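*Asks:* Take this structure, written in structure tokens, and hold onto it; I'll ask about it next.
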Amino acid sequence: ITRTARIASLIATMSSSAAAAFAAPSGRVAAITGANKGVGFFIALHLATSGLFSSVLLGCRDSSRGQQAVADIQVQGKGKIAPTIEIKYLPLTVGDAASHDQFRKTVEEQYGKLDCLVNNAGFAFKGADPTPFAQQCKPTVDINFRGTVDLTETLLPLLRNGTDARIVNVASMSGHLSQLRSAGLRNQFISQTLTMDRLREMVDEFETDVLAGKHSKKGWGNSNYGLSKMALIAATKVMAREEAINGIKVNCCCPGYCDTDMTSHKGPRPPKEGALNAVLPATMENCPSGEFFSNMKVSEW
């Protein structure tokens with residue numbers, strides 16, 4: 001039996017147990033961003049077969065790809081997805097505030113709540129891209145951090161109406177704290193009193209320093225993608241503290257170096273396996289909050 005099969009079996013067992021634990025699992029709604037391919041597609045597939053959700057919503061930029069992903073999930077999940085389970089595409093462009101608002105409006109009108117949000121959509125420049133480093137900064141942090149946080153905050157009222165609500169942010173090992181040369185900056189990112197406003201200011205400071213060519217001297221790392229994912233991990237921990245009173249569990253994960261378009265298919269891990277690192281905190285019983293999952297367990301940031 002392969003490693004992927006063993007992990008999938010573990011997830012199936014957890015999901016089955018979790019489903020039994022819910023008094024009324026029917027009616028639960030999950031939304032996955034960037035779900036038309038790669039890791040996001042398999043997160044959606046796993047959640048659709050988990051038995052925990054009546055509706056699984058695929059938020060995608062491209063309508064044709066989104067619709068095709070819905071059809072592919074129905075084919076690949078045949079015999080595992082109950083006929084009453086709804087798999088649906090909804091238009092969503094992460095980083096576009098108007099799109100965020102329309103997505104929220106649609107979910108609110110049709111379901112009145114959201115029980116699980118998996119923020120999988122992300123962006124990275126290819127290593128061979130000729131765009132100068134400074135010009136790569138804003139597009140990267142706008143989607144991976146600013147857009148993801150804005151979408152999540154837009155959907156928070158619906159998540160607060162959910163049952164055992166979960167938020168899972170797909171981050172990366174590239175977001176490790178050790179990228180920061182400054183101990184002072186590291187301490188700010190891990191501070192238990194860090195607020196979202198201050199975190200936004202720090203990301204703005206990074207962008208300003210990059211544009212001025214001073215980021216290295218100021219103690220920042222030399223990766224726009226790494227910083228964007230580090231900020232997303234920090235945001236996860238801030239949200240976990242803030243939403244504890246509302247019963248929302250907020251975690252993040254690294255799917256690993258997967259064989260996807262984003263890695264130019266250089267990653268050795270199948271995306272179906274990498275997706276399980278997001279599915280675990282989305283479905284497990286007695287879920288922690290504010291943690292970073294990697295290789296199917298809570299890991300150090």
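Ligands are numbered from 1 in the order shown, residues from 1 within each chain, and chains are lettered A, B, ... in the order they appear in the structure tokens.
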Which residues in region 5-217 of chain A does DSSP call strand (DSSP E)? List them as a list of chain:residue names.
*Replies:*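 Those in region 5-217 of chain A that DSSP calls strand (DSSP E) are A:Val29, A:Ala30, A:Ala31, A:Ile32, A:Thr33, A:Ser55, A:Val56, A:Leu57, A:Leu58, A:Gly59, A:Cys60, A:Glu86, A:Ile87, A:Lys88, A:Tyr89, A:Leu90, A:Pro91, A:Cys116, A:Leu117, A:Val118, A:Asn119, A:Arg166, A:Ile167, A:Val168, A:Asn169, A:Val170.
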*Asks:* Just write the chosen residues, C-alpha atoms, as a PDB file, in the first residue's frame.
*Replies:*
```pdb
ATOM      1  CA  VAL A  29     -20.996  24.266   3.348  1.00  0.00           C
ATOM      2  CA  ALA A  30     -17.314  24.297   2.351  1.00  0.00           C
ATOM      3  CA  ALA A  31     -15.595  26.726  -0.014  1.00  0.00           C
ATOM      4  CA  ILE A  32     -12.161  26.249  -1.594  1.00  0.00           C
ATOM      5  CA  THR A  33     -10.379  28.995  -3.504  1.00  0.00           C
ATOM      6  CA  SER A  55     -22.292  21.647  -0.509  1.00  0.00           C
ATOM      7  CA  VAL A  56     -18.726  22.069  -1.760  1.00  0.00           C
ATOM      8  CA  LEU A  57     -18.108  25.371  -3.540  1.00  0.00           C
ATOM      9  CA  LEU A  58     -15.195  25.830  -5.935  1.00  0.00           C
ATOM     10  CA  GLY A  59     -14.107  29.462  -6.109  1.00  0.00           C
ATOM     11  CA  CYS A  60     -12.232  29.991  -9.386  1.00  0.00           C
ATOM     12  CA  GLU A  86     -23.811  19.591  -4.274  1.00  0.00           C
ATOM     13  CA  ILE A  87     -20.555  20.393  -6.094  1.00  0.00           C
ATOM     14  CA  LYS A  88     -20.704  23.895  -7.473  1.00  0.00           C
ATOM     15  CA  TYR A  89     -18.496  26.468  -9.192  1.00  0.00           C
ATOM     16  CA  LEU A  90     -18.690  30.114  -8.128  1.00  0.00           C
ATOM     17  CA  PRO A  91     -16.682  32.933  -9.746  1.00  0.00           C
ATOM     18  CA  CYS A 116     -15.315  25.724   6.112  1.00  0.00           C
ATOM     19  CA  LEU A 117     -13.092  28.042   4.090  1.00  0.00           C
ATOM     20  CA  VAL A 118      -9.881  26.754   2.534  1.00  0.00           C
ATOM     21  CA  ASN A 119      -7.770  29.596   1.159  1.00  0.00           C
ATOM     22  CA  ARG A 166     -12.884  25.998  10.129  1.00  0.00           C
ATOM     23  CA  ILE A 167     -10.506  28.221   8.173  1.00  0.00           C
ATOM     24  CA  VAL A 168      -7.445  26.656   6.557  1.00  0.00           C
ATOM     25  CA  ASN A 169      -4.843  28.840   4.867  1.00  0.00           C
ATOM     26  CA  VAL A 170      -2.578  27.041   2.426  1.00  0.00           C
TER      27      VAL A 170
END
```
*Asks:* When you look at Cys253 (chain A) with a cut-off of 9 Å (counting only C-alpha atoms), what residues show up, excluding the ones that are within fewer than 6 positions of it in the same chain? I need them as number ranges by chain.
*Replies:* A: 168-173, 233, 277-278, 281, 291-295, 298-299
*Asks:* Choose the residue, out of A:Gln67, A:Gln188, A:Asn251, A:Asn144, that has the smallest atom-to-atom separation from Tyr225 (chain A); count only C-alpha atoms.
*Replies:*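 Using only C-alpha atoms, the shortest distance to Tyr225 (chain A) belongs to A:Asn144.
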*Asks:* How many Å separate CA of Trp220 (chain A) from CA of Arg241 (chain A)?
*Replies:*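 Value for the CA of Trp220 (chain A)-CA of Arg241 (chain A) distance: 25.5 Å.
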*Asks:* Can you write out as JSON lines which residues of region 155-243 of chain A fall within 12 Å of region 93-106 of chain A, alongside each residue's closest atom pair and its distance in Å to one decimal, counting only C-alpha atoms and ordering rows by chain and ascending residue number?
*Replies:*
```
{"residue": "A:Leu155", "atom": "CA", "partner": "A:Arg104", "partner_atom": "CA", "distance": 6.0}
{"residue": "A:Leu156", "atom": "CA", "partner": "A:Arg104", "partner_atom": "CA", "distance": 9.5}
{"residue": "A:Pro157", "atom": "CA", "partner": "A:Arg104", "partner_atom": "CA", "distance": 9.4}
{"residue": "A:Leu158", "atom": "CA", "partner": "A:Arg104", "partner_atom": "CA", "distance": 8.0}
{"residue": "A:Leu159", "atom": "CA", "partner": "A:Arg104", "partner_atom": "CA", "distance": 10.6}
```
